$ cat target_30.cif   # mmCIF, C-alpha atoms
data_target
loop_
_atom_site.label_atom_id
_atom_site.label_comp_id
_atom_site.auth_asym_id
_atom_site.auth_seq_id
_atom_site.Cartn_x
_atom_site.Cartn_y
_atom_site.Cartn_z
CA MET A 89 46.14 10.12 2.57
CA ALA A 90 44.35 12.86 0.62
CA VAL A 91 41.29 14.11 2.42
CA ARG A 92 38.94 15.97 0.14
CA THR A 93 35.87 17.96 1.00
CA ILE A 94 32.50 17.50 -0.68
CA GLU A 95 30.13 20.41 -0.16
CA VAL A 96 26.62 19.15 0.54
CA ARG A 97 24.43 21.78 2.25
CA GLU A 98 21.33 19.57 2.13
CA ARG A 99 18.58 19.93 4.72
CA VAL A 100 18.15 16.79 6.77
CA MET A 101 14.38 17.04 6.52
CA ALA A 102 14.34 17.64 2.75
CA ARG A 103 13.33 14.11 1.79
CA ASN A 104 10.58 13.92 4.40
CA ASP A 105 9.27 17.32 3.33
CA ALA A 106 9.18 16.22 -0.31
CA LEU A 107 7.19 13.13 0.65
CA ALA A 108 4.88 15.27 2.79
CA ALA A 109 4.23 17.45 -0.24
CA GLN A 110 3.24 14.33 -2.17
CA VAL A 111 0.89 13.28 0.64
CA ARG A 112 -0.62 16.77 0.68
CA ALA A 113 -1.15 16.73 -3.08
CA ARG A 114 -2.75 13.29 -2.93
CA LEU A 115 -5.15 14.40 -0.21
CA ALA A 116 -5.98 17.56 -2.15
CA GLU A 117 -6.86 15.50 -5.22
CA HIS A 118 -9.53 13.82 -3.13
CA ASP A 119 -10.68 16.96 -1.24
CA ILE A 120 -9.67 15.43 2.08
CA ALA A 121 -9.06 17.58 5.13
CA ALA A 122 -6.26 16.08 7.23
CA PHE A 123 -5.24 16.84 10.78
CA ASN A 124 -2.18 15.66 12.67
CA LEU A 125 -3.08 15.17 16.34
CA VAL A 126 -0.11 15.70 18.64
CA SER A 127 0.26 15.81 22.40
CA SER A 128 2.11 14.39 25.33
CA PRO A 129 1.21 10.77 26.16
CA GLY A 130 -2.15 10.47 27.89
CA ALA A 131 -3.56 13.86 26.89
CA GLY A 132 -6.65 12.22 25.41
CA LYS A 133 -6.04 11.91 21.66
CA THR A 134 -7.62 8.48 21.39
CA LEU A 135 -10.64 9.36 23.53
CA LEU A 136 -11.24 12.49 21.48
CA LEU A 137 -11.12 10.39 18.33
CA GLU A 138 -13.46 7.80 19.84
CA ARG A 139 -15.99 10.53 20.57
CA THR A 140 -15.49 12.11 17.17
CA LEU A 141 -15.85 8.86 15.27
CA ALA A 142 -19.00 7.97 17.18
CA GLU A 143 -20.58 11.33 16.37
CA LEU A 144 -19.21 12.17 12.92
CA GLY A 145 -17.57 9.04 11.57
CA GLU A 146 -20.23 8.34 8.98
CA GLU A 147 -21.32 11.94 8.44
CA LEU A 148 -17.85 13.12 7.46
CA ASP A 149 -16.44 9.82 6.15
CA ILE A 150 -13.60 9.88 8.63
CA ALA A 151 -10.49 7.74 8.25
CA VAL A 152 -7.79 7.41 10.88
CA ILE A 153 -4.10 6.57 10.87
CA THR A 154 -2.77 5.86 14.34
CA GLY A 155 0.87 5.82 15.30
CA ASP A 156 2.19 4.01 18.34
CA VAL A 157 5.66 2.98 19.39
CA GLN A 158 4.37 -0.49 20.20
CA THR A 159 0.96 -2.25 20.08
CA GLN A 160 -2.14 -1.52 18.01
CA ASN A 161 -4.17 -0.69 21.11
CA ASP A 162 -5.30 2.73 19.91
CA ALA A 163 -6.38 1.37 16.52
CA ASP A 164 -8.30 -1.41 18.24
CA ARG A 165 -10.07 1.10 20.50
CA LEU A 166 -11.05 3.28 17.54
CA ALA A 167 -12.17 0.39 15.37
CA VAL A 168 -15.03 -0.24 17.79
CA HIS A 169 -16.53 3.10 16.77
CA THR A 170 -16.38 2.84 13.01
CA SER A 171 -16.83 0.35 10.22
CA ARG A 172 -14.18 2.22 8.26
CA LEU A 173 -10.55 1.22 8.24
CA VAL A 174 -8.35 2.39 11.08
CA SER A 175 -4.80 2.11 9.83
CA ALA A 176 -2.25 1.33 12.54
CA VAL A 177 1.39 2.28 12.17
CA VAL A 178 3.69 0.71 14.74
CA THR A 179 6.85 2.77 14.66
CA GLY A 180 8.96 0.11 16.33
CA GLY A 181 10.68 2.49 18.71
CA ALA A 182 10.63 5.70 16.73
CA CYS A 183 9.15 8.63 18.65
CA HIS A 184 7.14 10.11 15.76
CA LEU A 185 5.45 9.31 12.47
CA ASP A 186 7.09 10.37 9.23
CA ALA A 187 5.67 11.23 5.82
CA LEU A 188 6.70 7.92 4.26
CA GLN A 189 4.69 6.01 6.86
CA VAL A 190 1.64 8.17 6.14
CA MET A 191 2.10 7.80 2.39
CA THR A 192 2.20 4.02 2.81
CA ALA A 193 -0.82 4.01 5.14
CA LEU A 194 -2.86 5.99 2.59
CA ASP A 195 -2.61 3.06 0.20
CA ALA A 196 -4.89 1.05 2.48
CA ILE A 197 -7.53 3.80 2.80
CA ASP A 198 -10.44 4.31 0.41
CA LEU A 199 -9.61 7.92 -0.42
CA ASP A 200 -12.55 8.29 -2.80
CA HIS A 201 -14.88 7.82 0.15
CA THR A 202 -12.94 9.80 2.75
CA ARG A 203 -13.46 13.47 3.50
CA LEU A 204 -11.64 13.83 6.79
CA LEU A 205 -8.42 12.13 7.84
CA PHE A 206 -6.98 12.11 11.33
CA ILE A 207 -3.38 11.16 11.90
CA GLU A 208 -2.94 10.29 15.57
CA ASN A 209 0.75 10.82 16.14
CA VAL A 210 2.92 9.18 18.77
CA GLY A 211 2.40 10.79 22.19
CA ASN A 212 5.37 13.12 22.49
CA LEU A 213 5.59 16.91 22.66
CA VAL A 214 9.06 17.11 21.11
CA CYS A 215 9.79 14.83 18.17
CA PRO A 216 6.57 15.02 16.10
CA ALA A 217 6.93 18.81 15.86
CA ASN A 218 9.74 18.48 13.33
CA TRP A 219 8.01 16.12 10.93
CA ASP A 220 5.60 17.37 8.30
CA LEU A 221 3.20 14.56 7.45
CA GLY A 222 1.29 16.34 4.70
CA GLU A 223 -1.49 17.44 7.03
CA ALA A 224 -3.54 20.63 6.69
CA SER A 225 -2.53 21.50 10.22
CA LYS A 226 -1.27 20.12 13.48
CA ILE A 227 -3.69 20.13 16.39
CA VAL A 228 -2.07 19.98 19.80
CA LEU A 229 -3.97 18.50 22.74
CA PHE A 230 -3.17 19.96 26.13
CA SER A 231 -4.80 18.37 29.17
CA VAL A 232 -5.56 20.11 32.46
CA THR A 233 -3.55 17.46 34.30
CA GLU A 234 -0.36 18.87 32.75
CA GLY A 235 1.47 22.00 33.84
CA GLU A 236 0.33 25.39 32.59
CA ASP A 237 3.88 26.03 31.40
CA LYS A 238 3.93 23.21 28.84
CA PRO A 239 3.74 25.67 25.92
CA LEU A 240 6.77 27.50 27.28
CA LYS A 241 8.70 24.27 27.81
CA TYR A 242 7.79 22.82 24.41
CA PRO A 243 7.31 25.93 22.25
CA SER A 244 8.02 24.28 18.93
CA MET A 245 4.97 22.02 19.13
CA PHE A 246 2.69 24.93 19.98
CA GLN A 247 4.26 27.20 17.39
CA ARG A 248 3.70 24.63 14.66
CA SER A 249 0.11 23.86 15.63
CA SER A 250 -2.89 25.81 14.40
CA GLN A 251 -5.37 24.62 17.01
CA ALA A 252 -5.06 23.68 20.68
CA VAL A 253 -7.60 21.43 22.32
CA MET A 254 -7.73 21.80 26.09
CA THR A 255 -8.82 18.35 27.26
CA LYS A 256 -10.09 16.74 30.48
CA THR A 257 -11.87 19.92 31.53
CA ASP A 258 -14.12 17.79 33.76
CA LEU A 259 -11.11 17.57 36.08
CA LEU A 260 -10.68 21.34 36.47
CA ALA A 261 -12.49 21.29 39.79
CA HIS A 262 -10.07 18.71 41.14
CA VAL A 263 -6.65 19.86 39.95
CA PRO A 264 -4.68 23.06 40.58
CA PHE A 265 -4.67 24.03 36.92
CA ASP A 266 -5.07 27.65 35.82
CA LEU A 267 -6.76 27.38 32.44
CA ASP A 268 -6.40 31.08 31.64
CA LEU A 269 -2.69 31.02 32.43
CA ALA A 270 -2.19 27.91 30.29
CA MET A 271 -3.92 29.54 27.33
CA LYS A 272 -1.99 32.76 27.88
CA ASN A 273 1.26 30.78 27.80
CA ALA A 274 0.18 29.06 24.61
CA ARG A 275 -0.70 32.38 22.99
CA GLN A 276 2.67 33.74 24.05
CA VAL A 277 4.42 31.25 21.77
CA ASN A 278 1.70 31.26 19.09
CA PRO A 279 -0.74 34.20 19.10
CA ASP A 280 -2.75 32.66 16.27
CA LEU A 281 -3.73 29.45 18.09
CA GLU A 282 -7.42 28.59 17.96
CA PHE A 283 -8.65 27.00 21.19
CA PHE A 284 -11.20 24.37 22.10
CA GLN A 285 -12.08 23.34 25.64
CA LEU A 286 -13.71 19.99 26.10
CA SER A 287 -14.06 16.80 28.04
CA GLY A 288 -14.01 13.60 26.08
CA LEU A 289 -15.32 11.84 29.16
CA THR A 290 -18.46 13.92 29.73
CA GLY A 291 -18.86 15.32 26.24
CA ASP A 292 -18.86 18.93 27.45
CA GLY A 293 -17.55 21.30 24.81
CA MET A 294 -17.54 18.72 22.04
CA GLU A 295 -20.09 20.54 19.89
CA SER A 296 -17.73 23.41 18.97
CA TRP A 297 -15.11 20.83 18.05
CA PHE A 298 -17.58 19.02 15.84
CA GLU A 299 -18.57 22.29 14.17
CA PHE A 300 -14.93 23.07 13.50
CA LEU A 301 -14.53 19.71 11.80
CA ARG A 302 -17.67 20.15 9.71
CA ALA A 303 -16.45 23.59 8.62
CA SER A 304 -13.01 22.20 7.78
CA VAL A 305 -14.52 19.55 5.56
CA ARG A 306 -16.70 22.14 3.85
CA ALA A 307 -13.66 24.34 3.30
CA THR A 308 -11.78 21.59 1.50
CA GLY A 309 -14.45 21.50 -1.16
CA SER A 310 -16.73 18.69 -0.07
CA VAL A 311 -20.35 19.56 0.65
CA VAL A 312 -21.61 18.26 3.99
CA MET B 97 14.38 10.00 20.35
CA HIS B 98 14.10 11.67 17.00
CA GLU B 99 17.84 12.29 16.83
CA MET B 100 18.25 8.67 15.71
CA SER B 101 15.83 9.29 12.84
CA MET B 102 17.85 12.36 11.94
CA ALA B 103 21.11 10.40 12.16
CA LEU B 104 19.77 7.71 9.84
CA GLU B 105 18.65 10.36 7.36
CA ILE B 106 22.06 12.04 7.55
CA GLY B 107 23.63 8.66 6.78
CA ARG B 108 21.31 8.26 3.79
CA ILE B 109 22.25 11.70 2.48
CA ALA B 110 25.96 10.95 2.92
CA GLU B 111 25.66 7.60 1.16
CA GLU B 112 23.78 9.25 -1.70
CA LYS B 113 26.48 11.90 -2.10
CA LEU B 114 29.27 9.36 -2.05
CA GLY B 115 27.64 7.45 -4.87
CA GLU B 116 29.16 4.36 -6.34
CA ARG B 117 32.71 5.63 -5.94
CA SER B 118 32.44 4.79 -2.25
CA PRO B 119 35.53 6.63 -1.03
CA GLN B 120 36.40 6.25 2.64
CA LEU B 121 34.20 8.61 4.59
CA VAL B 122 36.23 10.53 7.15
CA THR B 123 33.92 13.25 8.48
CA VAL B 124 30.26 14.17 8.18
CA ALA B 125 29.73 17.77 9.20
CA VAL B 126 26.23 18.80 10.24
CA ASP B 127 24.99 22.35 10.85
CA VAL B 128 22.71 22.31 13.90
CA GLY B 129 20.85 25.51 14.73
CA ASP B 130 20.03 26.47 18.29
CA ASP B 131 16.33 26.30 17.42
CA ALA B 132 16.49 23.16 15.29
CA GLY B 133 14.72 21.05 17.89
CA VAL B 134 17.71 18.75 18.09
CA GLU B 135 19.94 18.04 21.06
CA PRO B 136 23.46 18.23 19.57
CA ALA B 137 25.00 15.75 22.01
CA ASN B 138 22.24 13.23 21.33
CA LEU B 139 22.64 13.67 17.59
CA GLU B 140 26.38 13.15 17.83
CA PHE B 141 25.84 10.01 19.89
CA CYS B 142 23.37 8.65 17.33
CA LEU B 143 25.67 9.51 14.43
CA GLU B 144 28.50 7.62 16.10
CA ALA B 145 26.20 4.60 16.29
CA VAL B 146 25.25 4.94 12.63
CA PHE B 147 28.89 5.36 11.61
CA ALA B 148 29.94 2.21 13.47
CA VAL B 149 28.80 -0.01 10.61
CA PRO B 150 29.54 -0.15 6.85
CA PRO B 151 29.59 1.79 4.63
CA PHE B 152 30.41 4.46 7.20
CA THR B 153 32.88 2.58 9.39
CA GLY B 154 35.58 4.93 10.59
CA ALA B 155 33.71 8.13 9.87
CA ARG B 156 33.21 10.67 12.61
CA PRO B 157 30.53 13.32 13.03
CA ALA B 158 31.30 17.01 13.34
CA ILE B 159 28.50 19.03 14.87
CA LEU B 160 28.66 22.68 13.85
CA ARG B 161 26.51 24.82 16.12
CA CYS B 162 24.88 27.85 14.55
CA ALA B 163 21.95 30.21 15.02
CA GLY B 164 18.41 29.64 13.81
CA ASP B 165 16.56 26.42 13.04
CA VAL B 166 18.89 25.11 10.36
CA LEU B 167 19.59 21.38 10.32
CA ARG B 168 21.58 20.28 7.32
CA VAL B 169 24.50 18.19 6.19
CA ALA B 170 27.16 20.83 5.56
CA TYR B 171 29.96 18.82 3.98
CA LEU B 172 31.67 15.46 3.84
CA GLU B 173 35.36 14.77 4.11
CA VAL B 174 36.49 11.71 2.21
CA ASP B 175 39.71 9.89 1.57
CA ASP B 176 39.49 8.71 -2.00
CA GLY B 177 42.75 6.77 -1.82
CA CYS B 178 44.64 9.10 -4.11
CA PRO B 179 48.10 10.15 -2.98
CA ASP B 180 48.60 13.63 -1.59
CA ASP B 181 49.18 16.28 -4.22
#
$ encode --input "target_30.cif" --output "structure tokens"
Amino acid sequence: MAVRTIEVRERVMARNDALAAQVRARLAEHDIAAFNLVSSPGAGKTLLLERTLAELGEELDIAVITGDVQTQNDADRLAVHTSRLVSAVVTGGACHLDALQVMTALDAIDLDHTRLLFIENVGNLVCPANWDLGEASKIVLFSVTEGEDKPLKYPSMFQRSSQAVMTKTDLLAHVPFDLDLAMKNARQVNPDLEFFQLSGLTGDGMESWFEFLRASVRATGSVV
Amino acid sequence: MHEMSMALEIGRIAEEKLGERSPQLVTVAVDVGDDAGVEPANLEFCLEAVFAVPPFTGARPAILRCAGDVLRVAYLEVDDGCPDD
């Protein structure tokens, strides 16, 4: 037996990253701002999107791609709030979306009449951090029912996100959650994080989120 | 777990490198950085599952720990059926 060695030295994520670059280029052609929403399960991604679609869905021509391990429940919830297509990706067990799934989902979306795209990733603070989907930035949701040390436990997700949305702030009076400490921990792993504090349930704090989205759409070249 | 996705991608890369010659794959060596966001034991487990079926049957993973966030297929060892030199 003659065992021979073949040098490879190829990054495992190279193919996904190449596809993500194609997604990014396609979105840029259409002046679409795209955000990848990531969080642990139950942090409030779908409720935030429900609120956002109800308020800005038509104004900003929002499209949504949702990713779930099983069921289309999130897509069904969101579809109530918009006449536009909500594209559901069922990952069939995978713990994250990948760029190929997003590329495929884009085919079903009217990109000429979309200015803002949300990709609601699978609820998981680990796996989605590694996968570039072609988004402008990752936005991590961090609810007050989680531990303040989540950013320290899952630094990669917070390091790779540009914005952090502190959710469920209506519960602050009822849970032993130190908001300042949580934000300090998040800044420790990513000093550049931009924060929002809001409650999707009561609507408190949503206006600054909406303004951020309007500004993001303007910045991509579309006039609001 | 995303290690299975990684393992499948590693299998795809290996298959692509082997090409149509399809020599017997013996080892797939993977550099895994400490900050790669991958649990080495999980990745090895997933690779063993991927290598349990053709065209990889009989191959074994070799996880090479290193610093940083590198995650790459380092090299393949193949038995191309030729006699020893």
$ resolve_selection --input "target_30.cif" --expression "the PyMOL selection byres ((chain B and resi 112-117) around 12)" --output "VMD selection string"
(chain A and resid 92 to 98) or (chain B and resid 105 to 111 118 to 122 124 151 to 152 169 to 177)
$ resolve_selection --input "target_30.cif" --expression "the PyMOL selection byres ((chain A) within 10 of (chain B))" --output "JSON, numbers by chain"
{"A": [89, 90, 91, 92, 93, 94, 95, 96, 97, 98, 99, 100, 101, 102, 103, 104, 181, 182, 183, 184, 186, 212, 214, 215, 216, 217, 218, 219, 242, 243, 244, 245]}
$ axis_aligned_box --input "target_30.cif" --around "stretch 143-150 of chain A" --padding-each-side "8 Å" --output "JSON"
{"center_x": -17.5, "center_y": 10.7, "center_z": 11.3, "size_x": 23.7, "size_y": 20.8, "size_z": 26.2}
$ residues_around --input "target_30.cif" --residues "B:Pro136" --least-positions-apart "6" --cutoff "10 Å" --atoms "all atoms listed in the file" --output "ChimeraX atom specification"
/B:99,126-130,142,159-161
$ resolve_selection --input "target_30.cif" --expression "the PyMOL selection byres ((chain A and resi 297) around 12)" --output "ChimeraX atom specification"
/A:136-137,139-140,143-144,227,251-255,282-288,291-296,298-304
$ write_last_selection --input "target_30.cif" --atoms "C-alpha atoms" --output "CSV table (one decimal), keeping the file's coordinate frame"
chain,number,residue,atom,x,y,z
A,136,LEU,CA,-11.2,12.5,21.5
A,137,LEU,CA,-11.1,10.4,18.3
A,139,ARG,CA,-16.0,10.5,20.6
A,140,THR,CA,-15.5,12.1,17.2
A,143,GLU,CA,-20.6,11.3,16.4
A,144,LEU,CA,-19.2,12.2,12.9
A,227,ILE,CA,-3.7,20.1,16.4
A,251,GLN,CA,-5.4,24.6,17.0
A,252,ALA,CA,-5.1,23.7,20.7
A,253,VAL,CA,-7.6,21.4,22.3
A,254,MET,CA,-7.7,21.8,26.1
A,255,THR,CA,-8.8,18.4,27.3
A,282,GLU,CA,-7.4,28.6,18.0
A,283,PHE,CA,-8.6,27.0,21.2
A,284,PHE,CA,-11.2,24.4,22.1
A,285,GLN,CA,-12.1,23.3,25.6
A,286,LEU,CA,-13.7,20.0,26.1
A,287,SER,CA,-14.1,16.8,28.0
A,288,GLY,CA,-14.0,13.6,26.1
A,291,GLY,CA,-18.9,15.3,26.2
A,292,ASP,CA,-18.9,18.9,27.4
A,293,GLY,CA,-17.6,21.3,24.8
A,294,MET,CA,-17.5,18.7,22.0
A,295,GLU,CA,-20.1,20.5,19.9
A,296,SER,CA,-17.7,23.4,19.0
A,298,PHE,CA,-17.6,19.0,15.8
A,299,GLU,CA,-18.6,22.3,14.2
A,300,PHE,CA,-14.9,23.1,13.5
A,301,LEU,CA,-14.5,19.7,11.8
A,302,ARG,CA,-17.7,20.2,9.7
A,303,ALA,CA,-16.4,23.6,8.6
A,304,SER,CA,-13.0,22.2,7.8
$ atom_distance --input "target_30.cif" --atom1 "atom CA of B:Asn138" --atom2 "atom CA of A:Asp237"
24.5 Å
$ atom_distance --input "target_30.cif" --atom1 "atom CA of A:Ser250" --atom2 "atom CA of A:His169"
26.6 Å
$ atom_distance --input "target_30.cif" --atom1 "atom CA of A:Ala121" --atom2 "atom CA of A:Ile207"
10.9 Å
$ residues_around --input "target_30.cif" --residues "A:His201" --least-positions-apart "5" --cutoff "12 Å" --atoms "only C-alpha atoms" --output "CSV table (one decimal) with C-alpha atoms, in the coordinates of the input"
chain,number,residue,atom,x,y,z
A,115,LEU,CA,-5.2,14.4,-0.2
A,118,HIS,CA,-9.5,13.8,-3.1
A,119,ASP,CA,-10.7,17.0,-1.2
A,120,ILE,CA,-9.7,15.4,2.1
A,145,GLY,CA,-17.6,9.0,11.6
A,146,GLU,CA,-20.2,8.3,9.0
A,147,GLU,CA,-21.3,11.9,8.4
A,148,LEU,CA,-17.8,13.1,7.5
A,149,ASP,CA,-16.4,9.8,6.2
A,150,ILE,CA,-13.6,9.9,8.6
A,151,ALA,CA,-10.5,7.7,8.2
A,172,ARG,CA,-14.2,2.2,8.3
A,173,LEU,CA,-10.6,1.2,8.2
A,310,SER,CA,-16.7,18.7,-0.1
$ closest_residue --input "target_30.cif" --among "A:Ala270, A:Leu199, A:Ala142, A:Val168" --to "A:Phe230" --atoms "only C-alpha atoms"
A:Ala270
$ closest_residue --input "target_30.cif" --among "A:Ala109, A:Leu205, A:Val232, A:Leu240" --to "A:His262" --atoms "all atoms listed in the file"
A:Val232
$ closest_residue --input "target_30.cif" --among "A:Leu259, A:Ala167, A:Thr154, A:Gly132" --to "A:Leu194" --atoms "only C-alpha atoms"
A:Thr154
